[in-house]
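Everything below belongs to work05.tsv, which stores TSV, C-alpha atoms and all ligand atoms.
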chain	number	residue	atom	x	y	z
A	1	MET	CA	104.38	125.73	118.72
A	2	THR	CA	100.64	125.42	119.08
A	3	THR	CA	98.58	128.56	119.49
A	4	GLU	CA	95.98	128.81	122.26
A	5	THR	CA	92.78	130.73	121.42
A	6	ASN	CA	92.87	133.74	123.71
A	7	THR	CA	89.42	135.18	124.32
A	8	GLN	CA	87.58	135.89	127.54
A	9	THR	CA	85.06	133.14	126.93
A	10	ALA	CA	87.71	130.64	125.80
A	11	ALA	CA	88.37	129.43	129.33
A	12	LYS	CA	84.84	128.00	129.52
A	13	LYS	CA	85.15	126.09	126.29
A	14	PRO	CA	86.48	122.52	126.17
A	15	LYS	CA	90.08	122.29	124.96
A	16	ILE	CA	90.98	120.44	121.79
A	17	LEU	CA	94.16	119.90	119.80
A	18	VAL	CA	94.39	120.26	116.03
A	19	ALA	CA	97.76	118.65	115.45
A	20	ARG	CA	98.26	119.61	111.78
A	21	ALA	CA	97.39	122.66	109.68
A	22	ILE	CA	93.80	122.60	108.43
A	23	PHE	CA	91.71	124.93	106.25
A	24	PRO	CA	91.27	128.31	108.08
A	25	GLU	CA	87.45	128.17	107.77
A	26	ALA	CA	87.40	124.77	109.46
A	27	LEU	CA	89.63	126.06	112.25
A	28	ALA	CA	87.40	129.13	112.71
A	29	LYS	CA	84.35	126.86	112.99
A	30	LEU	CA	86.06	124.80	115.70
A	31	GLU	CA	87.05	127.96	117.57
A	32	GLU	CA	83.35	128.86	117.96
A	33	SER	CA	82.87	125.88	120.28
A	34	PHE	CA	86.33	124.98	121.56
A	35	GLU	CA	89.51	126.43	122.94
A	36	VAL	CA	91.79	125.23	120.17
A	37	ARG	CA	95.48	124.40	120.34
A	38	SER	CA	96.28	124.72	116.65
A	39	ASN	CA	99.41	124.11	114.63
A	40	GLN	CA	98.91	126.16	111.48
A	41	GLU	CA	102.71	126.16	110.98
A	42	ASP	CA	102.21	122.45	110.24
A	43	ARG	CA	105.25	121.40	112.23
A	44	ILE	CA	105.50	117.66	112.93
A	45	PHE	CA	105.51	117.01	116.69
A	46	SER	CA	108.10	114.74	118.24
A	47	PRO	CA	106.54	111.93	120.35
A	48	GLU	CA	107.42	113.90	123.51
A	49	GLU	CA	105.78	117.06	122.18
A	50	LEU	CA	102.67	115.15	121.13
A	51	GLN	CA	102.37	113.68	124.62
A	52	LYS	CA	102.46	117.21	126.08
A	53	GLU	CA	100.04	118.62	123.50
A	54	LEU	CA	97.49	115.90	124.30
A	55	ALA	CA	97.60	116.61	128.04
A	56	GLY	CA	94.50	118.54	129.12
A	57	VAL	CA	92.54	118.30	125.85
A	58	VAL	CA	89.24	116.43	125.47
A	59	GLY	CA	89.63	115.79	121.75
A	60	ALA	CA	92.26	115.84	119.01
A	61	LEU	CA	92.33	116.00	115.23
A	62	VAL	CA	95.44	114.28	113.91
A	63	ALA	CA	96.80	112.81	110.66
A	64	GLY	CA	99.00	109.86	109.77
A	65	SER	CA	102.05	111.74	111.07
A	66	GLU	CA	100.85	111.46	114.69
A	67	ARG	CA	101.35	108.08	116.36
A	68	ILE	CA	98.66	107.61	119.01
A	69	ASP	CA	99.83	104.87	121.37
A	70	ALA	CA	100.06	104.26	125.13
A	71	SER	CA	103.01	106.62	125.44
A	72	ALA	CA	101.24	109.46	123.56
A	73	LEU	CA	98.20	108.93	125.80
A	74	ALA	CA	100.18	108.75	129.06
A	75	GLN	CA	99.23	112.26	130.23
A	76	ALA	CA	95.99	112.61	128.27
A	77	LYS	CA	93.66	112.01	131.19
A	78	ASP	CA	90.76	114.10	129.79
A	79	LEU	CA	90.96	112.79	126.22
A	80	LYS	CA	87.75	111.27	124.83
A	81	ILE	CA	88.36	111.16	121.08
A	82	VAL	CA	91.15	111.21	118.51
A	83	ALA	CA	89.82	111.84	115.01
A	84	ASN	CA	92.21	110.86	112.21
A	85	ILE	CA	92.10	112.96	109.02
A	86	SER	CA	92.85	109.83	107.03
A	87	VAL	CA	91.10	106.59	106.16
A	88	GLY	CA	94.17	104.47	107.00
A	89	TYR	CA	94.80	104.34	110.74
A	90	ASN	CA	98.03	102.44	111.14
A	91	ASN	CA	99.20	105.46	113.19
A	92	PHE	CA	96.70	104.35	115.87
A	93	ASP	CA	97.39	101.68	118.45
A	94	VAL	CA	93.69	100.91	118.65
A	95	SER	CA	94.07	98.52	121.62
A	96	ALA	CA	95.91	101.19	123.63
A	97	MET	CA	93.25	103.76	122.72
A	98	THR	CA	90.44	101.38	123.70
A	99	ALA	CA	92.19	100.52	126.97
A	100	ALA	CA	92.43	104.26	127.71
A	101	GLY	CA	88.72	104.74	126.86
A	102	VAL	CA	89.57	106.99	123.90
A	103	LEU	CA	87.35	106.83	120.81
A	104	ALA	CA	89.20	106.42	117.49
A	105	THR	CA	87.72	107.56	114.16
A	106	ASN	CA	88.89	107.80	110.53
A	107	THR	CA	87.61	109.29	107.24
A	108	PRO	CA	86.32	106.51	104.95
A	109	ASP	CA	84.16	106.98	101.81
A	110	VAL	CA	84.79	110.70	101.23
A	111	LEU	CA	88.14	109.98	99.57
A	112	THR	CA	87.35	106.73	97.73
A	113	ASP	CA	86.81	108.10	94.20
A	114	THR	CA	89.56	110.72	94.41
A	115	THR	CA	92.05	108.06	95.53
A	116	ALA	CA	90.89	105.55	92.92
A	117	ASP	CA	91.26	108.24	90.21
A	118	PHE	CA	94.80	108.90	91.38
A	119	GLY	CA	95.62	105.18	91.47
A	120	PHE	CA	94.63	104.98	87.85
A	121	ALA	CA	96.57	108.14	86.96
A	122	LEU	CA	99.69	106.75	88.64
A	123	LEU	CA	99.25	103.45	86.83
A	124	MET	CA	98.94	105.21	83.47
A	125	ALA	CA	101.90	107.50	84.15
A	126	THR	CA	103.99	104.46	85.10
A	127	ALA	CA	103.00	102.13	82.28
A	128	ARG	CA	103.24	104.85	79.61
A	129	ARG	CA	106.47	106.37	81.01
A	130	MET	CA	104.94	109.83	81.27
A	131	THR	CA	107.22	111.46	83.84
A	132	GLU	CA	110.34	109.95	82.31
A	133	SER	CA	109.23	111.25	78.89
A	134	GLU	CA	108.61	114.70	80.29
A	135	HIS	CA	112.09	114.84	81.81
A	136	TRP	CA	113.46	113.70	78.45
A	137	VAL	CA	111.69	116.54	76.62
A	138	ARG	CA	112.76	119.13	79.22
A	139	ALA	CA	116.36	117.92	78.96
A	140	GLY	CA	116.30	118.66	75.21
A	141	HIS	CA	116.71	115.04	74.09
A	142	TRP	CA	113.74	115.16	71.67
A	143	ASP	CA	115.40	115.81	68.34
A	144	LYS	CA	113.11	113.69	66.14
A	145	TRP	CA	110.01	111.55	66.26
A	146	SER	CA	110.99	107.89	66.16
A	147	ILE	CA	109.15	104.61	65.74
A	148	VAL	CA	111.53	102.72	67.99
A	149	ASN	CA	113.54	105.26	69.96
A	150	ASN	CA	110.78	107.27	71.67
A	151	PRO	CA	110.03	105.96	75.16
A	152	LEU	CA	107.89	102.88	74.56
A	153	GLY	CA	105.48	101.86	77.29
A	154	MET	CA	103.07	99.09	78.20
A	155	ASP	CA	99.36	99.02	77.36
A	156	LEU	CA	96.61	99.19	79.92
A	157	HIS	CA	93.70	98.39	77.61
A	158	HIS	CA	92.86	94.70	77.43
A	159	SER	CA	95.62	93.83	79.89
A	160	THR	CA	95.17	92.19	83.30
A	161	ILE	CA	95.14	94.29	86.44
A	162	GLY	CA	95.79	92.53	89.75
A	163	ILE	CA	94.55	94.42	92.81
A	164	ILE	CA	95.80	93.41	96.26
A	165	GLY	CA	93.44	94.83	98.90
A	166	MET	CA	89.89	94.94	97.60
A	167	GLY	CA	88.23	97.46	99.92
A	168	ARG	CA	86.37	100.53	98.74
A	169	ILE	CA	89.38	102.04	96.91
A	170	GLY	CA	90.39	98.71	95.34
A	171	GLN	CA	86.86	98.27	94.03
A	172	GLY	CA	86.90	101.85	92.69
A	173	ILE	CA	90.08	101.06	90.74
A	174	ALA	CA	88.53	97.84	89.43
A	175	GLN	CA	85.51	99.76	88.12
A	176	ARG	CA	87.78	102.19	86.32
A	177	ALA	CA	89.76	99.28	84.84
A	178	LEU	CA	86.56	97.84	83.33
A	179	GLY	CA	86.24	101.02	81.28
A	180	PHE	CA	89.65	100.22	79.79
A	181	GLY	CA	88.55	96.69	78.84
A	182	MET	CA	90.94	95.24	81.41
A	183	GLN	CA	90.57	91.85	83.04
A	184	VAL	CA	90.39	92.34	86.81
A	185	ILE	CA	91.80	89.83	89.28
A	186	TYR	CA	92.17	90.49	93.00
A	187	HIS	CA	93.50	89.12	96.25
A	188	ASN	CA	92.17	90.14	99.64
A	189	ARG	CA	92.14	88.83	103.23
A	190	SER	CA	88.53	87.78	102.63
A	191	ARG	CA	86.72	87.18	99.39
A	192	LEU	CA	84.08	89.71	98.33
A	193	LEU	CA	80.40	88.82	98.15
A	194	GLU	CA	79.45	87.51	94.70
A	195	ALA	CA	77.37	90.63	94.00
A	196	ASP	CA	80.34	92.91	94.80
A	197	GLU	CA	82.67	90.81	92.63
A	198	LYS	CA	80.17	91.13	89.77
A	199	ALA	CA	79.81	94.90	90.26
A	200	CYS	CA	83.52	95.38	89.59
A	201	GLY	CA	83.98	92.40	87.27
A	202	ALA	CA	86.68	90.96	89.51
A	203	SER	CA	87.83	87.35	89.98
A	204	TYR	CA	89.41	86.21	93.25
A	205	VAL	CA	92.83	84.53	92.94
A	206	SER	CA	95.68	83.61	95.29
A	207	LYS	CA	98.41	86.19	95.84
A	208	GLU	CA	100.86	84.00	93.96
A	209	ALA	CA	98.55	83.56	90.95
A	210	LEU	CA	97.94	87.31	90.90
A	211	LEU	CA	101.64	88.13	90.89
A	212	ARG	CA	102.34	85.60	88.13
A	213	THR	CA	99.40	86.66	85.92
A	214	ALA	CA	98.89	90.40	86.29
A	215	ASP	CA	100.35	92.90	83.83
A	216	HIS	CA	99.78	95.62	86.41
A	217	VAL	CA	99.83	94.98	90.17
A	218	VAL	CA	98.14	97.62	92.33
A	219	LEU	CA	98.50	97.62	96.13
A	220	VAL	CA	95.65	99.16	98.12
A	221	LEU	CA	95.68	97.09	101.31
A	222	PRO	CA	95.85	98.44	104.88
A	223	TYR	CA	99.23	98.46	106.62
A	224	THR	CA	99.33	96.02	109.54
A	225	PRO	CA	102.15	93.88	111.01
A	226	GLU	CA	100.90	91.07	108.70
A	227	SER	CA	101.04	93.21	105.54
A	228	HIS	CA	104.60	94.44	106.21
A	229	HIS	CA	106.67	93.71	103.06
A	230	THR	CA	103.76	92.07	101.25
A	231	ILE	CA	105.98	92.70	98.22
A	232	GLY	CA	109.67	91.90	98.57
A	233	ALA	CA	112.33	90.28	96.38
A	234	GLN	CA	110.57	86.87	96.36
A	235	GLU	CA	107.23	88.31	95.28
A	236	ILE	CA	108.82	90.52	92.61
A	237	ALA	CA	110.55	87.42	91.25
A	238	LEU	CA	107.10	85.95	90.51
A	239	MET	CA	106.02	88.97	88.44
A	240	LYS	CA	106.32	89.25	84.66
A	241	PRO	CA	109.38	91.22	83.42
A	242	SER	CA	106.86	93.42	81.56
A	243	ALA	CA	104.77	94.12	84.69
A	244	THR	CA	104.25	97.37	86.58
A	245	LEU	CA	103.81	97.70	90.35
A	246	ILE	CA	101.80	100.52	91.97
A	247	ASN	CA	101.89	101.23	95.71
A	248	LEU	CA	99.01	103.45	96.76
A	249	ALA	CA	98.61	101.96	100.21
A	250	ARG	CA	101.35	102.62	102.76
A	251	GLY	CA	105.09	102.63	102.95
A	252	GLY	CA	106.28	99.35	104.43
A	253	ILE	CA	103.93	97.24	102.32
A	254	VAL	CA	106.71	97.15	99.72
A	255	ASP	CA	110.35	96.48	100.57
A	256	ASP	CA	111.58	99.64	98.82
A	257	LEU	CA	115.22	98.56	98.67
A	258	ALA	CA	114.33	95.19	97.10
A	259	LEU	CA	112.11	97.04	94.62
A	260	ALA	CA	114.87	99.48	93.70
A	261	GLN	CA	117.23	96.56	93.08
A	262	ALA	CA	114.63	94.78	90.90
A	263	LEU	CA	113.92	97.95	88.89
A	264	LYS	CA	117.64	98.51	88.39
A	265	GLU	CA	118.04	94.96	87.08
A	266	LYS	CA	114.85	95.39	84.96
A	267	LYS	CA	113.23	92.40	86.66
A	268	ILE	CA	109.95	94.28	86.24
A	269	PHE	CA	109.14	97.05	83.78
A	270	ALA	CA	108.37	99.94	86.12
A	271	ALA	CA	106.84	101.04	89.42
A	272	GLY	CA	104.66	103.93	90.59
A	273	LEU	CA	104.92	104.86	94.26
A	274	ASP	CA	102.81	107.35	96.20
A	275	VAL	CA	103.95	106.05	99.61
A	276	PHE	CA	107.37	105.10	100.96
A	277	GLU	CA	109.08	103.34	103.83
A	278	GLY	CA	110.10	106.12	106.24
A	279	GLU	CA	108.42	108.88	104.21
A	280	PRO	CA	108.95	111.76	103.64
A	281	GLU	CA	112.42	110.21	103.17
A	282	VAL	CA	112.66	108.30	99.88
A	283	ASN	CA	115.16	105.49	99.50
A	284	PRO	CA	118.07	107.09	97.56
A	285	GLU	CA	118.31	103.99	95.34
A	286	LEU	CA	114.81	104.75	94.01
A	287	LEU	CA	115.76	108.35	93.26
A	288	LYS	CA	118.50	107.15	90.88
A	289	LEU	CA	116.08	105.25	88.63
A	290	SER	CA	114.10	106.43	85.61
A	291	ASN	CA	111.64	103.50	85.57
A	292	VAL	CA	109.83	104.61	88.71
A	293	VAL	CA	107.25	107.37	89.11
A	294	LEU	CA	107.42	109.02	92.54
A	295	THR	CA	104.65	111.15	94.07
A	296	PRO	CA	104.49	112.59	97.62
A	297	HIS	CA	101.51	110.71	99.18
A	298	ILE	CA	98.91	112.74	97.28
A	299	ALA	CA	96.31	110.14	96.31
A	300	SER	CA	93.56	111.92	98.27
A	301	ALA	CA	94.88	115.39	97.52
A	302	THR	CA	92.17	117.38	95.79
A	303	GLU	CA	90.87	120.43	97.60
A	304	LYS	CA	87.30	119.13	97.61
A	305	THR	CA	88.31	115.79	99.11
A	306	ARG	CA	90.75	117.17	101.67
A	307	ARG	CA	87.99	119.57	102.83
A	308	ALA	CA	85.55	116.65	103.05
A	309	MET	CA	88.09	114.64	105.09
A	310	VAL	CA	88.60	117.53	107.53
A	311	ASP	CA	84.83	118.09	107.79
A	312	LEU	CA	84.21	114.40	108.50
A	313	ALA	CA	86.96	114.34	111.15
A	314	ILE	CA	85.39	117.44	112.79
A	315	ASP	CA	81.96	115.81	112.68
A	316	ASN	CA	83.42	112.70	114.35
A	317	LEU	CA	85.05	114.83	117.04
A	318	CYS	CA	81.95	116.97	117.73
A	319	LYS	CA	79.58	113.98	117.87
A	320	ALA	CA	81.86	112.18	120.32
A	321	LEU	CA	82.11	115.24	122.56
A	322	GLU	CA	78.30	115.63	122.49
A	323	GLY	CA	78.06	112.06	123.80
A	324	LYS	CA	76.77	110.75	120.44
A	325	ARG	CA	78.20	107.95	118.29
A	326	PRO	CA	80.69	109.37	115.76
A	327	PRO	CA	79.83	108.37	112.16
A	328	SER	CA	83.11	106.57	111.47
A	329	LEU	CA	83.93	104.99	114.78
A	330	ILE	CA	86.70	102.36	114.80
A	331	ASN	CA	86.54	101.10	118.41
A	332	ALA	CA	82.85	100.77	119.34
A	333	GLU	CA	83.94	98.75	122.43
A	334	VAL	CA	84.69	102.06	124.17
A	335	LEU	CA	80.98	103.00	124.03
A	336	LYS	CA	79.95	99.64	125.52
A	337	ALA	CA	82.34	99.92	128.48
B	401	LIG	C1	95.99	110.97	103.92
B	401	LIG	C2	95.81	108.52	103.29
B	401	LIG	O1	96.10	112.14	103.24
B	401	LIG	O2	93.59	108.52	104.06
B	401	LIG	C3	94.66	107.91	103.98
B	401	LIG	O3	94.80	106.77	104.47
B	401	LIG	O4	96.78	107.90	103.04
B	401	LIG	C4	95.74	109.94	102.86
B	401	LIG	O5	94.48	110.20	102.33
B	401	LIG	C5	97.21	110.77	104.74
B	401	LIG	O6	97.18	109.58	105.41
B	401	LIG	C6	97.38	111.92	105.75
B	401	LIG	O7	96.83	111.61	106.98

Could you write out this file's structure as structure tokens?
Amino acid sequence: MTTETNTQTAAKKPKILVARAIFPEALAKLEESFEVRSNQEDRIFSPEELQKELAGVVGALVAGSERIDASALAQAKDLKIVANISVGYNNFDVSAMTAAGVLATNTPDVLTDTTADFGFALLMATARRMTESEHWVRAGHWDKWSIVNNPLGMDLHHSTIGIIGMGRIGQGIAQRALGFGMQVIYHNRSRLLEADEKACGASYVSKEALLRTADHVVLVLPYTPESHHTIGAQEIALMKPSATLINLARGGIVDDLALAQALKEKKIFAAGLDVFEGEPEVNPELLKLSNVVLTPHIASATEKTRRAMVDLAIDNLCKALEGKRPPSLINAEVLKA
């Protein structure tokens, strides 16, 4: 259950909801200016509970776990802003928020490098079979060094990386790949400016050419109805049998069952997944496989970056409630209305 701040002056302060646990210092700062409904137990609200929690508050801090749509907003008559503690905002029905006059914000930039670092770490762990090797050592299978029988991986250096989704994080991964002498190809809804392509040494190709050519395919695109199952059985069939696939974007961009089948049949070499369809559930077929590295949606998870995300979300919320333009506003139309 949420906890209401209970002080004598609290009644005069505007009410806000903090829907997930945040750093105690950040919560204390909010409590100086607001009557805060907090959820430091970090329980995930059902849609019905979220609807109730949003009733009577002027602002809310949420994360990807909270779906903000017309139904969530149905009783939120005082709500002016929902600040996502996340750069991706597929949990927002932006049209419904705009129609309700609710500002929507996210947390770009502050997590770009941390997430790009993690993308590269996941790629390396996957291509060089690091987690599988660790399990092998822990299980006591390492009885001798061997030229051919130790887990043999795939090289990153001087290979071709194919990045689908060339926003800030995609470009960060491309820049890291250059340091490994990799050739960078990319596919995106729109082509980058020439100067941006040069800065990350990337060449634009069709999705099909990317899948056929890349040794390592990295997915960093936003999740939308159009990007649902960007990678399914047909796309995997285009990839090299030696290729790796990394999903850093969102569950639902990859058809996880089709991927599990392809990994089982060794149609591609390996996969690294930080996000899953229906997470935190993981498709049981993936759990049976050794050629997949699984991490629990932690690409932005360093303390420094998570604090910066929370601080930016708070800044967005405070600016909106002071009648100013929040720094990372998604639906500027609300201000024009
Ligand atoms: C968040 C993310 O931690 O920012 C994003 O889009 O995927 C992660 O950084 C996650 O979405 C929790 O809200």

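Proximity of A:Ala249, A:Leu103, A:Ala243, A:Leu238 to ligand LIG 401 (chain B), computed with all atoms listed in the file, is greatest for A:Ala249.
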
message: as number ranges by chain, please: the residues near Ala260 in chain A (cut-off 9 Å, all atoms listed in the file, same-chain neighbours under 2 positions excluded).
response: A: 255-258, 262-265, 283, 285-289, 292

task: Please indicate the distance in Å from CA of Val36 in chain A to CA of Ala308 in chain A, rounded to one decimal place.
output: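 Calculated distance between CA of Val36 in chain A and CA of Ala308 in chain A is 20.1 Å.
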
query: CA of Met130 in chain A to CA of Val218 in chain A: how many Å, to one decimal?
result: 17.8 Å

Taking every listed atom of range 52-56 of chain A and adding 8 Å to each side, what centre and edge lengths in Å (one decimal) does the axis-aligned box have, as JSON?
{"center_x": 98.5, "center_y": 117.3, "center_z": 126.3, "size_x": 24.0, "size_y": 18.7, "size_z": 21.6}

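From CA of Glu279 in chain A back to CA of His135 in chain A, the distance works out to 23.5 Å.
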
Test item: which residues lie within 10 Å of (91.3, 83.4, 92.7) counting all atoms listed in the file, as a short mmCIF file (atom, residue, chain, number, x, y, z; two decimals) with C-alpha atoms, keeping the file's coordinate frame:
data_model
loop_
_atom_site.label_atom_id
_atom_site.label_comp_id
_atom_site.auth_asym_id
_atom_site.auth_seq_id
_atom_site.Cartn_x
_atom_site.Cartn_y
_atom_site.Cartn_z
CA ILE A 185 91.80 89.83 89.28
CA TYR A 186 92.17 90.49 93.00
CA HIS A 187 93.50 89.12 96.25
CA ASN A 188 92.17 90.14 99.64
CA ARG A 191 86.72 87.18 99.39
CA ALA A 202 86.68 90.96 89.51
CA SER A 203 87.83 87.35 89.98
CA TYR A 204 89.41 86.21 93.25
CA VAL A 205 92.83 84.53 92.94
CA SER A 206 95.68 83.61 95.29
CA LYS A 207 98.41 86.19 95.84
CA GLU A 208 100.86 84.00 93.96
CA ALA A 209 98.55 83.56 90.95
CA LEU A 210 97.94 87.31 90.90
#

- request: List all protein, DNA and RNA residues that have any atom at most 6 Å from ligand LIG 401 (chain B), counting only C-alpha atoms and all ligand atoms, and write the list as a ChimeraX atom specification.
  value: /A:63-64,85-88,300

- request: Measuring atom to atom with all atoms listed in the file, identify which of A:Lys29, A:Ile246, A:Val58, A:Glu35 is nearest to Ala121 in chain A.
  value: A:Ile246

- prompt: For Asn106 in chain A, which residue out of A:Ile81, A:Leu259, A:Ile22, A:Ile173 is the nearest one, using all atoms listed in the file?
  reply: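 The closest residue to Asn106 in chain A is A:Ile81.
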
task: Determine the nearest neighbour of Glu134 in chain A from the options A:Thr98, A:Ser290, A:Met309, A:Glu303, counting only C-alpha atoms.
output: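 Looking at the shortest contact to Glu134 in chain A, the residue is A:Ser290.
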
- prompt: Of the candidates A:Ala195, A:Val184, A:Ala83, A:Ala70, which shows the shortest atom-to-atom distance to Ala100 in chain A, using only C-alpha atoms?
  reply: A:Ala70

Taking the point (86.2, 121.5, 124.0) as given in the file, collect each protein or nucleic acid residue that comes within 10 Å of it, counting only C-alpha atoms, and present the set as a PDB file with C-alpha atoms, in the coordinates of the input.
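That gives us part08.pdb:
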ATOM      1  CA  ALA A  10      87.710 130.640 125.800  1.00  0.00           C
ATOM      2  CA  ALA A  11      88.370 129.430 129.330  1.00  0.00           C
ATOM      3  CA  LYS A  12      84.840 128.000 129.520  1.00  0.00           C
ATOM      4  CA  LYS A  13      85.150 126.090 126.290  1.00  0.00           C
ATOM      5  CA  PRO A  14      86.480 122.520 126.170  1.00  0.00           C
ATOM      6  CA  LYS A  15      90.080 122.290 124.960  1.00  0.00           C
ATOM      7  CA  ILE A  16      90.980 120.440 121.790  1.00  0.00           C
ATOM      8  CA  LEU A  17      94.160 119.900 119.800  1.00  0.00           C
ATOM      9  CA  LEU A  30      86.060 124.800 115.700  1.00  0.00           C
ATOM     10  CA  GLU A  31      87.050 127.960 117.570  1.00  0.00           C
ATOM     11  CA  GLU A  32      83.350 128.860 117.960  1.00  0.00           C
ATOM     12  CA  SER A  33      82.870 125.880 120.280  1.00  0.00           C
ATOM     13  CA  PHE A  34      86.330 124.980 121.560  1.00  0.00           C
ATOM     14  CA  GLU A  35      89.510 126.430 122.940  1.00  0.00           C
ATOM     15  CA  VAL A  36      91.790 125.230 120.170  1.00  0.00           C
ATOM     16  CA  VAL A  57      92.540 118.300 125.850  1.00  0.00           C
ATOM     17  CA  VAL A  58      89.240 116.430 125.470  1.00  0.00           C
ATOM     18  CA  GLY A  59      89.630 115.790 121.750  1.00  0.00           C
ATOM     19  CA  ALA A  60      92.260 115.840 119.010  1.00  0.00           C
ATOM     20  CA  LEU A 317      85.050 114.830 117.040  1.00  0.00           C
ATOM     21  CA  CYS A 318      81.950 116.970 117.730  1.00  0.00           C
ATOM     22  CA  LEU A 321      82.110 115.240 122.560  1.00  0.00           C
ATOM     23  CA  GLU A 322      78.300 115.630 122.490  1.00  0.00           C
TER      24      GLU A 322
END

field: Residue nearest Leu73 in chain A among A:Val94, A:Tyr89, A:Thr213, A:Leu122 (counting only C-alpha atoms)
entry: A:Val94

Distance query range 147-163 of chain A at most 8 Å, only C-alpha atoms, self and fewer than 3 positions along chain excluded, as a compact mmCIF listing (two decimals) with C-alpha atoms, keeping the file's coordinate frame:
# COMPACT_ATOMS: atom_id res chain seq x y z
CA MET A 124 98.94 105.21 83.47
CA ALA A 127 103.00 102.13 82.28
CA ARG A 128 103.24 104.85 79.61
CA ARG A 129 106.47 106.37 81.01
CA SER A 133 109.23 111.25 78.89
CA MET A 166 89.89 94.94 97.60
CA GLY A 170 90.39 98.71 95.34
CA ALA A 174 88.53 97.84 89.43
CA ALA A 177 89.76 99.28 84.84
CA PHE A 180 89.65 100.22 79.79
CA GLY A 181 88.55 96.69 78.84
CA MET A 182 90.94 95.24 81.41
CA GLN A 183 90.57 91.85 83.04
CA VAL A 184 90.39 92.34 86.81
CA ILE A 185 91.80 89.83 89.28
CA TYR A 186 92.17 90.49 93.00
CA HIS A 187 93.50 89.12 96.25
CA LEU A 210 97.94 87.31 90.90
CA LEU A 211 101.64 88.13 90.89
CA THR A 213 99.40 86.66 85.92
CA ALA A 214 98.89 90.40 86.29
CA ASP A 215 100.35 92.90 83.83
CA HIS A 216 99.78 95.62 86.41
CA VAL A 217 99.83 94.98 90.17
CA VAL A 218 98.14 97.62 92.33
CA LEU A 219 98.50 97.62 96.13
CA VAL A 220 95.65 99.16 98.12
CA SER A 242 106.86 93.42 81.56

message: Which residues are near Ser46 in chain A? Cut-off 10 Å, only C-alpha atoms, ignore same chain within fewer than 6 positions. Put them as number ranges by chain.
response: A: 52, 65-67

- prompt: Within 6 Å of Gln51 in chain A, counting all atoms listed in the file, which residues qualify if same-chain residues fewer than 3 places away don't, as number ranges by chain?
  reply: A: 48, 54, 72
